[in-house]
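This report concerns only the one structure given below.
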Amino acid sequence: YNPSSGRLTAHPEINNYHGVGDKQPMLEDSKGTIWFPGLGGALTRLNPTNGKVDSININSNPARPMLPNSFCTALYEDKQGVFWIGTQDGFAKLVFNKTNYVSPEIKWYYNNTKSRNSLNYNHVSCIMDDPSEPDTYLWICTKGGGLNRLNKKTGDFFHLTTKDGLQHNVVYGILPDNEGNIWGSTNNGIFCLFTGRSSDSSQWKFRNFSKAHGLQDDEFNTGAYARLPNGHLAFGGVNGLNVFDPKEMLTTQFAPGVFITNILINNEPILPGDKTAVLQSNIEQTKSITLNHLQDILTLEFSSLDFTAPWQNKYRYQLIGIDKNWVESGNRRSATYLHLPAGKYNFKVQGSNSQGIWSEKINELQITVLPPWWGTWWAYLLYALLFALLIRAWFIFSVNRAKLKSQLNFEKLEAKRVKELDTIKTQLYTNITHEFRTPLTVILGMAHQVVNKPAEHFNNGMDMIIRNGQSLLNLVNEMLDLSKLENGKMQLQLAKADIIHFLRYIVESFHSLAESQQKQLHFLSDIDALFLEFDQEKVRQIVSNLLSNALKFTPEKGNIYISVLEILPEQNGQKTTVVIKVKDTGIGIPENQLPHIFDRFYQLDNSHTRNTEGTGIGLALTKELVKLMEGEIMVK
């Protein structure tokens, strides 16, 4: 080409390249240089300014040479000035040095069956930078492998095929629109790949167009695509040329409705008024249905009212209560549910038109599944009632059994108590008889002596009669006092006096009795006087019982000690404590019988003391009197 004359003449180097024909592309790069491809990897670059022609051969890989008759199928210069050459056997990357425009750095990309991240099909038809990220991604169209996206930084390929929503895996050419979307022609119409994508193929969204949308035909031609200066796109096919505004193609005013057209139960169609009684009117007018527990296979069929290309209509549905999210069914126009549990559900279905625009109109159907009779509320009420009756019967049985067991135990205890009481009564009667018999025998004997010989026995006899009569009276009084204490009728008669002097007086009254039995009685006290408020009669009974008991079980030559100790209060407001101890050198008490000596009628089972034990109420009376005076009595 001569710029001054404007004439094109033959150049010997160009004439030597064979195969430059209608199937091989030409390219004017960013610097105005024109590129001509040839067979076998030959490439010619023409500078129109000075007429200089350079020859380059990209078939420089001996490990994988191009076929002799293989020709270039795509020429592209990206934003970074890198050239990409597509062939039937892969594609090459050409990076030119600023000082050397003849020997570029060449890198080949082709299918590697051992790598999933390689080019998936070798026949390349078109190459284009990614509209959104041209520095990172490069799109490659193939005639059999769909779309491939190359990551320029890592060299990895990402594939989009018919499995991901592409119309056909034979892609002739791709163009970007003003919104950054990618448009392409295939063997089955035109597609639009929307922007805002990710590496997850499930997030890629295609919009497909076919002859039904006004295309010249579904099949297009290789290399017949161009972006016009006004932003319109042109694609040529087997039956003409399609030129369109991408923005208008993506705009739709029609939002079709979707209707439930048929119901199948147990794989049988349901009609209004049939024996199933599910439909009372036409399905289009039905807002709710009720199923029994035997109708457990439910199929709902639906359809969209867009008849432009009905095979391209898409659907999604959701059964509220079963499906957590929308179920994308694609072109499938039915939904089947098996063995729905009893309850209330809401079936929702939504459709799109042939252009993939989802309608805002959602059809809904209320579905009620009745439980079997054994799962109804009244059945559960009956279960609860039966359970309550069982619980009640078990409770009554348990209570009666417990009562019977308790009654048997009570009867056993009562029989044992009666037996023990009989034994105690017998023993008591024996003891009381013995206690009464001795003084009565003495009284009667002395009375006879006084009657027979009054002058000789009157004074001593009457004294003995009075003393034994007083013993009988004291015994009766003790029994009456113990009864009053248990009934809470005995009251304290408090009077302030010197308790040391009072105790010394009581002890002295027992000295003569102790001496007559050849026993020593000792009174010990660290203090000479202690004035307190106390019931003198109660204290006398307590000390007298303890001393009598000690004298009774202490042998001759033995000793009885009574000591008094004052314990002062630790804080103001507390009472003074008096500790009275009675100790003897007698026969002692077995340790296993210590807890029982304060029980009424309890007596030690010692045969040598049986005749002198008494009735067994002295210590019981003593304990009750101590409790009445808010005191405590212990033994060891």
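Chain labels run A, B, ... following the order of the structure tokens; each chain numbers its residues from 1, and ligands are numbered from 1 in the order shown.
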Contacts of segment 298-305 of chain A within 7 Å, only C-alpha atoms, excl. fewer than 6 positions in-chain, as a VMD selection string: chain A and resid 256 to 266 333 to 338 351
Surrounding residues of Ala529 of chain A excluding itself and chain neighbours under 4 positions, 8 Å, only C-alpha atoms, as number ranges by chain: A: 498-501
Residues from last step as file, all heavy atoms, as a PDB file, in the first residue's frame:
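Writing the result to result-v9.pdb gives the following:
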```
ATOM      1  N   ASP A 498     -31.257 -19.186 148.614  1.00  0.00           N
ATOM      2  CA  ASP A 498     -29.871 -19.639 148.489  1.00  0.00           C
ATOM      3  C   ASP A 498     -29.892 -21.127 148.155  1.00  0.00           C
ATOM      4  O   ASP A 498     -30.242 -21.976 148.995  1.00  0.00           O
ATOM      5  CB  ASP A 498     -29.122 -19.403 149.806  1.00  0.00           C
ATOM      6  CG  ASP A 498     -27.659 -19.795 149.710  1.00  0.00           C
ATOM      7  OD1 ASP A 498     -27.240 -20.257 148.614  1.00  0.00           O
ATOM      8  OD2 ASP A 498     -26.942 -19.633 150.707  1.00  0.00           O
ATOM      9  N   ILE A 499     -29.551 -21.438 146.890  1.00  0.00           N
ATOM     10  CA  ILE A 499     -29.648 -22.834 146.426  1.00  0.00           C
ATOM     11  C   ILE A 499     -28.578 -23.704 147.067  1.00  0.00           C
ATOM     12  O   ILE A 499     -28.798 -24.909 147.280  1.00  0.00           O
ATOM     13  CB  ILE A 499     -29.558 -22.891 144.877  1.00  0.00           C
ATOM     14  CG1 ILE A 499     -29.947 -24.310 144.401  1.00  0.00           C
ATOM     15  CG2 ILE A 499     -28.168 -22.512 144.362  1.00  0.00           C
ATOM     16  CD1 ILE A 499     -30.162 -24.416 142.911  1.00  0.00           C
ATOM     17  N   ILE A 500     -27.429 -23.110 147.451  1.00  0.00           N
ATOM     18  CA  ILE A 500     -26.372 -23.897 148.102  1.00  0.00           C
ATOM     19  C   ILE A 500     -26.861 -24.379 149.481  1.00  0.00           C
ATOM     20  O   ILE A 500     -26.729 -25.556 149.843  1.00  0.00           O
ATOM     21  CB  ILE A 500     -25.097 -23.059 148.253  1.00  0.00           C
ATOM     22  CG1 ILE A 500     -24.615 -22.563 146.875  1.00  0.00           C
ATOM     23  CG2 ILE A 500     -23.998 -23.875 148.941  1.00  0.00           C
ATOM     24  CD1 ILE A 500     -24.274 -23.673 145.920  1.00  0.00           C
ATOM     25  N   HIS A 501     -27.456 -23.461 150.234  1.00  0.00           N
ATOM     26  CA  HIS A 501     -27.987 -23.814 151.546  1.00  0.00           C
ATOM     27  C   HIS A 501     -29.100 -24.837 151.423  1.00  0.00           C
ATOM     28  O   HIS A 501     -29.188 -25.788 152.222  1.00  0.00           O
ATOM     29  CB  HIS A 501     -28.486 -22.544 152.236  1.00  0.00           C
ATOM     30  CG  HIS A 501     -29.142 -22.805 153.566  1.00  0.00           C
ATOM     31  ND1 HIS A 501     -28.429 -23.148 154.717  1.00  0.00           N
ATOM     32  CD2 HIS A 501     -30.466 -22.786 153.924  1.00  0.00           C
ATOM     33  CE1 HIS A 501     -29.264 -23.325 155.706  1.00  0.00           C
ATOM     34  NE2 HIS A 501     -30.514 -23.123 155.248  1.00  0.00           N
TER      35      HIS A 501
END
```
Show me, as an MDAnalysis selection string, the residues that have an atom within 10 Å of segment 211-215 of chain A when counting only C-alpha atoms, minus same-chain residues fewer than 3 positions from it. chainID A and resid 188:190 208 218:220 235:237 239:243 249 307:310 354:355
Write out, as a short mmCIF file (atom, residue, chain, number, x, y, z; two decimals), in the first residue's frame, the residues just selected, with all heavy atoms.
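Generated output (result_26.cif):
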```
data_model
loop_
_atom_site.label_atom_id
_atom_site.label_comp_id
_atom_site.auth_asym_id
_atom_site.auth_seq_id
_atom_site.Cartn_x
_atom_site.Cartn_y
_atom_site.Cartn_z
N ASN A 188 -27.30 -22.07 18.34
CA ASN A 188 -28.70 -22.20 18.81
C ASN A 188 -29.19 -20.87 19.34
O ASN A 188 -29.81 -20.79 20.39
CB ASN A 188 -28.80 -23.28 19.89
CG ASN A 188 -30.22 -23.64 20.23
OD1 ASN A 188 -31.12 -23.51 19.38
ND2 ASN A 188 -30.46 -24.08 21.46
N GLY A 189 -28.87 -19.78 18.64
CA GLY A 189 -29.36 -18.48 19.02
C GLY A 189 -28.29 -17.61 19.66
O GLY A 189 -27.09 -17.90 19.59
N ILE A 190 -28.76 -16.51 20.27
CA ILE A 190 -27.88 -15.52 20.89
C ILE A 190 -28.08 -15.58 22.40
O ILE A 190 -29.19 -15.78 22.89
CB ILE A 190 -28.18 -14.11 20.35
CG1 ILE A 190 -27.75 -14.01 18.88
CG2 ILE A 190 -27.47 -13.04 21.17
CD1 ILE A 190 -28.11 -12.68 18.25
N ASN A 208 -31.21 -16.08 27.16
CA ASN A 208 -31.09 -16.69 25.83
C ASN A 208 -32.20 -16.21 24.91
O ASN A 208 -33.35 -16.01 25.33
CB ASN A 208 -31.13 -18.22 25.96
CG ASN A 208 -29.99 -18.75 26.80
OD1 ASN A 208 -28.87 -18.27 26.69
ND2 ASN A 208 -30.27 -19.74 27.64
N ASP A 218 -31.80 -19.64 14.24
CA ASP A 218 -31.09 -20.03 15.45
C ASP A 218 -29.61 -20.22 15.20
O ASP A 218 -28.82 -20.18 16.14
CB ASP A 218 -31.69 -21.33 16.02
CG ASP A 218 -33.03 -21.09 16.70
OD1 ASP A 218 -33.26 -19.95 17.13
OD2 ASP A 218 -33.84 -22.03 16.78
N GLU A 219 -29.19 -20.43 13.94
CA GLU A 219 -27.78 -20.69 13.63
C GLU A 219 -27.11 -19.43 13.11
O GLU A 219 -27.67 -18.72 12.25
CB GLU A 219 -27.65 -21.82 12.60
CG GLU A 219 -26.21 -22.22 12.33
CD GLU A 219 -26.12 -23.40 11.38
OE1 GLU A 219 -27.17 -23.98 11.04
OE2 GLU A 219 -24.99 -23.75 10.98
N PHE A 220 -25.87 -19.18 13.59
CA PHE A 220 -25.11 -18.00 13.17
C PHE A 220 -23.80 -18.45 12.52
O PHE A 220 -23.47 -19.65 12.49
CB PHE A 220 -24.86 -17.08 14.36
CG PHE A 220 -26.10 -16.33 14.79
CD1 PHE A 220 -27.08 -16.95 15.57
CD2 PHE A 220 -26.29 -15.03 14.38
CE1 PHE A 220 -28.21 -16.26 15.93
CE2 PHE A 220 -27.43 -14.34 14.76
CZ PHE A 220 -28.39 -14.95 15.54
N PHE A 235 -25.00 -9.39 14.63
CA PHE A 235 -24.62 -10.79 14.49
C PHE A 235 -25.21 -11.31 13.19
O PHE A 235 -26.42 -11.13 12.92
CB PHE A 235 -25.12 -11.63 15.67
CG PHE A 235 -24.44 -11.31 16.97
CD1 PHE A 235 -24.98 -10.40 17.86
CD2 PHE A 235 -23.25 -11.93 17.30
CE1 PHE A 235 -24.35 -10.13 19.06
CE2 PHE A 235 -22.61 -11.65 18.50
CZ PHE A 235 -23.16 -10.74 19.37
N GLY A 236 -24.37 -11.97 12.36
CA GLY A 236 -24.83 -12.52 11.09
C GLY A 236 -25.02 -14.01 11.17
O GLY A 236 -24.24 -14.72 11.81
N GLY A 237 -26.09 -14.49 10.50
CA GLY A 237 -26.39 -15.91 10.53
C GLY A 237 -26.67 -16.46 9.16
O GLY A 237 -26.42 -15.82 8.13
N ASN A 239 -29.37 -16.91 7.70
CA ASN A 239 -30.54 -16.38 7.01
C ASN A 239 -30.62 -14.87 7.14
O ASN A 239 -31.71 -14.29 7.16
CB ASN A 239 -31.81 -17.04 7.57
CG ASN A 239 -33.00 -16.88 6.64
OD1 ASN A 239 -32.83 -16.74 5.43
ND2 ASN A 239 -34.21 -16.89 7.22
N GLY A 240 -29.46 -14.21 7.30
CA GLY A 240 -29.50 -12.76 7.35
C GLY A 240 -28.70 -12.21 8.51
O GLY A 240 -27.83 -12.89 9.09
N LEU A 241 -29.02 -10.98 8.88
CA LEU A 241 -28.26 -10.23 9.87
C LEU A 241 -29.21 -9.68 10.93
O LEU A 241 -30.29 -9.18 10.59
CB LEU A 241 -27.51 -9.07 9.18
CG LEU A 241 -26.62 -8.20 10.05
CD1 LEU A 241 -25.43 -8.99 10.54
CD2 LEU A 241 -26.17 -6.98 9.26
N ASN A 242 -28.81 -9.77 12.21
CA ASN A 242 -29.57 -9.18 13.30
C ASN A 242 -28.78 -8.03 13.91
O ASN A 242 -27.63 -8.21 14.33
CB ASN A 242 -29.86 -10.20 14.40
CG ASN A 242 -30.96 -11.18 14.02
OD1 ASN A 242 -30.70 -12.34 13.77
ND2 ASN A 242 -32.20 -10.71 13.95
N VAL A 243 -29.38 -6.82 13.93
CA VAL A 243 -28.79 -5.66 14.56
C VAL A 243 -29.77 -5.19 15.63
O VAL A 243 -30.96 -5.01 15.33
CB VAL A 243 -28.50 -4.54 13.55
CG1 VAL A 243 -27.87 -3.34 14.24
CG2 VAL A 243 -27.60 -5.05 12.43
N MET A 249 -33.23 -4.99 24.25
CA MET A 249 -33.46 -6.43 24.24
C MET A 249 -33.66 -6.98 25.66
O MET A 249 -34.38 -7.96 25.87
CB MET A 249 -32.28 -7.15 23.59
CG MET A 249 -32.21 -6.96 22.08
SD MET A 249 -33.51 -7.84 21.22
CE MET A 249 -33.01 -9.53 21.46
N PHE A 307 -46.58 -17.35 25.88
CA PHE A 307 -46.57 -18.32 24.79
C PHE A 307 -45.59 -17.94 23.69
O PHE A 307 -45.60 -18.53 22.61
CB PHE A 307 -47.98 -18.45 24.20
CG PHE A 307 -49.00 -18.83 25.23
CD1 PHE A 307 -49.90 -17.90 25.72
CD2 PHE A 307 -49.05 -20.12 25.74
CE1 PHE A 307 -50.84 -18.25 26.67
CE2 PHE A 307 -49.98 -20.46 26.70
CZ PHE A 307 -50.88 -19.53 27.17
N THR A 308 -44.72 -16.95 23.95
CA THR A 308 -43.74 -16.56 22.95
C THR A 308 -42.79 -17.71 22.66
O THR A 308 -42.57 -18.09 21.51
CB THR A 308 -42.94 -15.34 23.43
OG1 THR A 308 -43.85 -14.30 23.77
CG2 THR A 308 -41.98 -14.86 22.37
N ALA A 309 -42.21 -18.23 23.69
CA ALA A 309 -41.34 -19.41 23.59
C ALA A 309 -41.56 -20.23 24.85
O ALA A 309 -40.76 -20.16 25.78
CB ALA A 309 -39.88 -19.00 23.43
N PRO A 310 -42.64 -20.95 24.94
CA PRO A 310 -43.01 -21.60 26.20
C PRO A 310 -41.96 -22.59 26.70
O PRO A 310 -41.87 -22.84 27.89
CB PRO A 310 -44.33 -22.31 25.86
CG PRO A 310 -44.37 -22.40 24.38
CD PRO A 310 -43.61 -21.22 23.87
N SER A 354 -40.27 -16.03 28.61
CA SER A 354 -39.25 -16.67 27.79
C SER A 354 -37.92 -15.95 27.83
O SER A 354 -36.89 -16.51 27.45
CB SER A 354 -39.75 -16.78 26.34
OG SER A 354 -40.06 -15.47 25.83
N GLN A 355 -37.92 -14.70 28.28
CA GLN A 355 -36.67 -13.93 28.39
C GLN A 355 -36.02 -14.08 29.76
O GLN A 355 -35.01 -13.45 30.04
CB GLN A 355 -36.95 -12.45 28.10
CG GLN A 355 -37.46 -12.20 26.69
CD GLN A 355 -37.76 -10.74 26.44
OE1 GLN A 355 -37.66 -9.93 27.36
NE2 GLN A 355 -38.13 -10.40 25.22
#
```
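Taking segment 452-582 of chain A and asking which residues DSSP calls strand (DSSP E or B) on the backbone, you get A:Ala495, A:Lys496, A:Ala497, A:Asp498, A:Gln520, A:Leu521, A:His522, A:Phe523, A:Leu524, A:Ser525, A:Phe531, A:Leu532, A:Glu533, A:Phe534, A:Asn559, A:Ile560, A:Tyr561, A:Ile562, A:Ser563, A:Val564, A:Leu565, A:Glu566, A:Ile567, A:Thr577, A:Val578, A:Val579, A:Ile580, A:Lys581, A:Val582.
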Could the residues in this selection be saved with N, CA, C and O atoms as a short mmCIF file (atom, residue, chain, number, x, y, z; two decimals), in the first residue's frame?
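Writing the result to out.cif gives the following:
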```
data_model
loop_
_atom_site.label_atom_id
_atom_site.label_comp_id
_atom_site.auth_asym_id
_atom_site.auth_seq_id
_atom_site.Cartn_x
_atom_site.Cartn_y
_atom_site.Cartn_z
N ALA A 495 -39.16 -19.00 143.53
CA ALA A 495 -38.91 -18.17 144.72
C ALA A 495 -37.41 -17.98 144.83
O ALA A 495 -36.63 -18.92 144.59
N LYS A 496 -36.97 -16.79 145.20
CA LYS A 496 -35.55 -16.50 145.30
C LYS A 496 -35.03 -16.99 146.65
O LYS A 496 -35.56 -16.67 147.70
N ALA A 497 -33.95 -17.83 146.59
CA ALA A 497 -33.38 -18.39 147.82
C ALA A 497 -31.94 -18.80 147.53
O ALA A 497 -31.49 -18.78 146.39
N ASP A 498 -31.26 -19.19 148.61
CA ASP A 498 -29.87 -19.64 148.49
C ASP A 498 -29.89 -21.13 148.15
O ASP A 498 -30.24 -21.98 148.99
N GLN A 520 -21.12 -43.49 153.02
CA GLN A 520 -20.68 -42.13 153.25
C GLN A 520 -21.31 -41.19 152.21
O GLN A 520 -21.24 -41.45 151.01
N LEU A 521 -21.90 -40.09 152.67
CA LEU A 521 -22.54 -39.11 151.80
C LEU A 521 -21.76 -37.81 151.91
O LEU A 521 -21.56 -37.28 153.01
N HIS A 522 -21.27 -37.25 150.77
CA HIS A 522 -20.40 -36.07 150.76
C HIS A 522 -21.06 -34.96 149.93
O HIS A 522 -21.56 -35.21 148.83
N PHE A 523 -21.04 -33.72 150.43
CA PHE A 523 -21.54 -32.55 149.71
C PHE A 523 -20.36 -31.64 149.39
O PHE A 523 -19.62 -31.23 150.29
N LEU A 524 -20.15 -31.30 148.12
CA LEU A 524 -19.00 -30.52 147.67
C LEU A 524 -19.48 -29.26 146.97
O LEU A 524 -20.34 -29.31 146.08
N SER A 525 -18.93 -28.11 147.33
CA SER A 525 -19.30 -26.85 146.70
C SER A 525 -18.14 -25.87 146.84
O SER A 525 -17.58 -25.73 147.93
N PHE A 531 -27.70 -17.13 145.40
CA PHE A 531 -29.12 -16.80 145.42
C PHE A 531 -29.67 -16.80 143.99
O PHE A 531 -29.17 -16.09 143.11
N LEU A 532 -30.70 -17.62 143.81
CA LEU A 532 -31.35 -17.75 142.50
C LEU A 532 -32.85 -17.86 142.69
O LEU A 532 -33.34 -18.15 143.79
N GLU A 533 -33.59 -17.68 141.59
CA GLU A 533 -35.02 -17.96 141.58
C GLU A 533 -35.22 -19.39 141.09
O GLU A 533 -34.84 -19.72 139.96
N PHE A 534 -35.78 -20.26 141.93
CA PHE A 534 -36.01 -21.64 141.54
C PHE A 534 -37.18 -22.19 142.34
O PHE A 534 -37.59 -21.64 143.37
N ASN A 559 -19.41 -44.77 148.74
CA ASN A 559 -19.46 -43.31 148.87
C ASN A 559 -20.38 -42.71 147.81
O ASN A 559 -20.43 -43.17 146.66
N ILE A 560 -21.14 -41.68 148.23
CA ILE A 560 -22.01 -40.91 147.32
C ILE A 560 -21.58 -39.46 147.42
O ILE A 560 -21.45 -38.91 148.52
N TYR A 561 -21.33 -38.82 146.25
CA TYR A 561 -20.87 -37.44 146.21
C TYR A 561 -21.91 -36.60 145.47
O TYR A 561 -22.42 -36.99 144.40
N ILE A 562 -22.21 -35.44 146.02
CA ILE A 562 -23.05 -34.47 145.33
C ILE A 562 -22.28 -33.15 145.31
O ILE A 562 -21.86 -32.64 146.34
N SER A 563 -22.07 -32.59 144.08
CA SER A 563 -21.29 -31.36 143.92
C SER A 563 -22.13 -30.32 143.21
O SER A 563 -23.04 -30.63 142.42
N VAL A 564 -21.80 -29.03 143.47
CA VAL A 564 -22.53 -27.90 142.87
C VAL A 564 -21.50 -27.00 142.21
O VAL A 564 -20.49 -26.65 142.80
N LEU A 565 -21.80 -26.57 140.99
CA LEU A 565 -20.89 -25.70 140.23
C LEU A 565 -21.72 -24.60 139.57
O LEU A 565 -22.77 -24.87 138.97
N GLU A 566 -21.23 -23.36 139.68
CA GLU A 566 -21.92 -22.22 139.04
C GLU A 566 -21.19 -21.86 137.74
O GLU A 566 -19.97 -21.71 137.73
N ILE A 567 -21.93 -21.70 136.66
CA ILE A 567 -21.39 -21.25 135.37
C ILE A 567 -21.99 -19.90 135.06
O ILE A 567 -23.21 -19.77 134.85
N THR A 577 -26.15 -20.62 135.01
CA THR A 577 -26.36 -22.07 134.94
C THR A 577 -25.77 -22.72 136.19
O THR A 577 -24.65 -22.40 136.60
N VAL A 578 -26.56 -23.62 136.79
CA VAL A 578 -26.11 -24.36 137.96
C VAL A 578 -26.00 -25.83 137.56
O VAL A 578 -26.94 -26.41 137.02
N VAL A 579 -24.81 -26.40 137.81
CA VAL A 579 -24.57 -27.81 137.47
C VAL A 579 -24.50 -28.60 138.78
O VAL A 579 -23.68 -28.33 139.64
N ILE A 580 -25.41 -29.59 138.91
CA ILE A 580 -25.47 -30.44 140.10
C ILE A 580 -25.09 -31.85 139.65
O ILE A 580 -25.71 -32.41 138.74
N LYS A 581 -24.06 -32.42 140.26
CA LYS A 581 -23.60 -33.76 139.90
C LYS A 581 -23.77 -34.69 141.09
O LYS A 581 -23.43 -34.35 142.21
N VAL A 582 -24.32 -35.88 140.83
CA VAL A 582 -24.46 -36.93 141.84
C VAL A 582 -23.64 -38.11 141.37
O VAL A 582 -23.88 -38.64 140.28
#
```
Exercise: segment 356-373 of chain A partners within 9 Å, only C-alpha atoms, chain neighbours under 4 positions left out, as a ChimeraX atom specification: /A:206-208,252,254-260,286-296,312-315,340-352,377-379
Requested write-out: N, CA and C atoms of the selected residues, as a short mmCIF file (atom, residue, chain, number, x, y, z; two decimals), in the first residue's frame:
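Here's the written file again-v3.cif:
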```
data_model
loop_
_atom_site.label_atom_id
_atom_site.label_comp_id
_atom_site.auth_asym_id
_atom_site.auth_seq_id
_atom_site.Cartn_x
_atom_site.Cartn_y
_atom_site.Cartn_z
N PHE A 206 -27.64 -16.44 32.56
CA PHE A 206 -27.74 -16.28 31.11
C PHE A 206 -29.15 -15.84 30.73
N ARG A 207 -29.21 -15.09 29.69
CA ARG A 207 -30.49 -14.75 29.05
C ARG A 207 -30.36 -15.18 27.60
N ASN A 208 -31.21 -16.08 27.16
CA ASN A 208 -31.09 -16.69 25.83
C ASN A 208 -32.20 -16.21 24.91
N THR A 252 -38.29 -5.75 29.28
CA THR A 252 -39.56 -6.40 28.98
C THR A 252 -40.66 -5.77 29.80
N PHE A 254 -43.75 -7.38 29.86
CA PHE A 254 -44.74 -8.42 30.08
C PHE A 254 -44.33 -9.31 31.26
N ALA A 255 -45.14 -9.38 32.28
CA ALA A 255 -44.91 -10.24 33.44
C ALA A 255 -46.03 -11.27 33.48
N PRO A 256 -45.81 -12.44 32.94
CA PRO A 256 -46.91 -13.41 32.84
C PRO A 256 -47.31 -13.98 34.19
N GLY A 257 -48.54 -14.31 34.30
CA GLY A 257 -49.02 -15.00 35.49
C GLY A 257 -48.79 -16.49 35.39
N VAL A 258 -48.82 -17.18 36.52
CA VAL A 258 -48.65 -18.63 36.53
C VAL A 258 -49.83 -19.23 37.27
N PHE A 259 -50.35 -20.34 36.75
CA PHE A 259 -51.55 -20.95 37.31
C PHE A 259 -51.30 -22.43 37.56
N ILE A 260 -51.93 -22.93 38.61
CA ILE A 260 -51.94 -24.38 38.86
C ILE A 260 -53.00 -24.98 37.95
N THR A 286 -59.81 -22.60 42.70
CA THR A 286 -59.67 -23.20 44.03
C THR A 286 -58.52 -22.55 44.78
N LYS A 287 -58.78 -22.13 46.00
CA LYS A 287 -57.76 -21.50 46.83
C LYS A 287 -57.23 -22.43 47.91
N SER A 288 -57.95 -23.51 48.19
CA SER A 288 -57.50 -24.44 49.23
C SER A 288 -58.07 -25.82 48.96
N ILE A 289 -57.34 -26.84 49.39
CA ILE A 289 -57.80 -28.22 49.30
C ILE A 289 -57.51 -28.92 50.62
N THR A 290 -58.25 -30.00 50.88
CA THR A 290 -58.07 -30.79 52.10
C THR A 290 -57.87 -32.25 51.70
N LEU A 291 -56.82 -32.87 52.25
CA LEU A 291 -56.48 -34.25 51.95
C LEU A 291 -56.55 -35.09 53.22
N ASN A 292 -56.91 -36.37 53.05
CA ASN A 292 -56.86 -37.28 54.19
C ASN A 292 -55.52 -37.99 54.22
N HIS A 293 -55.30 -38.80 55.26
CA HIS A 293 -53.97 -39.39 55.45
C HIS A 293 -53.65 -40.46 54.41
N LEU A 294 -54.68 -40.98 53.68
CA LEU A 294 -54.42 -41.97 52.64
C LEU A 294 -54.01 -41.33 51.32
N GLN A 295 -54.29 -40.06 51.15
CA GLN A 295 -53.93 -39.34 49.92
C GLN A 295 -52.54 -38.73 50.11
N ASP A 296 -51.52 -39.59 50.11
CA ASP A 296 -50.19 -39.16 50.52
C ASP A 296 -49.20 -38.98 49.39
N GLN A 312 -38.97 -22.03 26.94
CA GLN A 312 -37.97 -21.26 27.67
C GLN A 312 -38.51 -20.67 28.96
N ASN A 313 -39.77 -20.87 29.23
CA ASN A 313 -40.32 -20.42 30.51
C ASN A 313 -39.72 -21.25 31.65
N LYS A 314 -39.44 -20.57 32.76
CA LYS A 314 -38.88 -21.25 33.92
C LYS A 314 -39.81 -21.11 35.12
N TYR A 315 -39.65 -22.04 36.06
CA TYR A 315 -40.54 -22.08 37.21
C TYR A 315 -39.74 -22.34 38.49
N LEU A 340 -46.90 -36.41 53.11
CA LEU A 340 -46.90 -35.16 53.88
C LEU A 340 -47.46 -35.41 55.28
N PRO A 341 -46.79 -34.95 56.31
CA PRO A 341 -47.35 -35.08 57.67
C PRO A 341 -48.62 -34.25 57.81
N ALA A 342 -49.42 -34.63 58.79
CA ALA A 342 -50.64 -33.87 59.04
C ALA A 342 -50.31 -32.44 59.42
N GLY A 343 -51.07 -31.49 58.86
CA GLY A 343 -50.82 -30.08 59.15
C GLY A 343 -51.33 -29.20 58.03
N LYS A 344 -51.02 -27.92 58.14
CA LYS A 344 -51.44 -26.94 57.14
C LYS A 344 -50.21 -26.42 56.41
N TYR A 345 -50.33 -26.35 55.06
CA TYR A 345 -49.22 -25.92 54.21
C TYR A 345 -49.71 -24.87 53.23
N ASN A 346 -48.75 -24.14 52.69
CA ASN A 346 -49.04 -23.11 51.68
C ASN A 346 -48.11 -23.34 50.50
N PHE A 347 -48.70 -23.74 49.36
CA PHE A 347 -47.90 -23.98 48.15
C PHE A 347 -47.86 -22.70 47.33
N LYS A 348 -46.63 -22.27 46.96
CA LYS A 348 -46.42 -21.05 46.18
C LYS A 348 -45.64 -21.41 44.93
N VAL A 349 -46.06 -20.86 43.79
CA VAL A 349 -45.38 -21.12 42.53
C VAL A 349 -45.22 -19.79 41.79
N GLN A 350 -44.05 -19.62 41.16
CA GLN A 350 -43.73 -18.39 40.44
C GLN A 350 -43.10 -18.78 39.10
N GLY A 351 -43.42 -18.01 38.05
CA GLY A 351 -42.91 -18.31 36.72
C GLY A 351 -42.21 -17.12 36.09
N SER A 352 -41.42 -17.42 35.06
CA SER A 352 -40.74 -16.37 34.29
C SER A 352 -41.21 -16.44 32.85
N TRP A 377 -57.19 -34.73 67.53
CA TRP A 377 -57.12 -34.14 68.87
C TRP A 377 -57.97 -34.93 69.86
N TRP A 378 -59.13 -35.41 69.37
CA TRP A 378 -59.98 -36.15 70.31
C TRP A 378 -59.36 -37.51 70.64
N ALA A 379 -58.58 -38.07 69.69
CA ALA A 379 -57.88 -39.32 69.99
C ALA A 379 -56.81 -39.08 71.06
#
```
At a cut-off of 10 Å, using only C-alpha atoms, what residues contact Val635 of chain A? Leave out same-chain residues fewer than 2 positions from it and give the result as number ranges by chain. A: 581-583, 589, 594-595, 597-598, 633
Please produce an output containing C-alpha atoms for each residue in the selection, written as a CSV table (one decimal), in the first residue's frame.
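Wrote out-v2.csv, looks like this:
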```
chain,number,residue,atom,x,y,z
A,581,LYS,CA,-23.6,-33.8,139.9
A,582,VAL,CA,-24.5,-36.9,141.8
A,583,LYS,CA,-21.7,-39.6,141.8
A,589,ILE,CA,-25.1,-49.2,134.6
A,594,LEU,CA,-27.8,-45.8,129.5
A,595,PRO,CA,-30.2,-44.3,126.8
A,597,ILE,CA,-32.9,-45.3,132.2
A,598,PHE,CA,-35.0,-42.2,132.0
A,633,ILE,CA,-30.0,-34.2,132.6
```
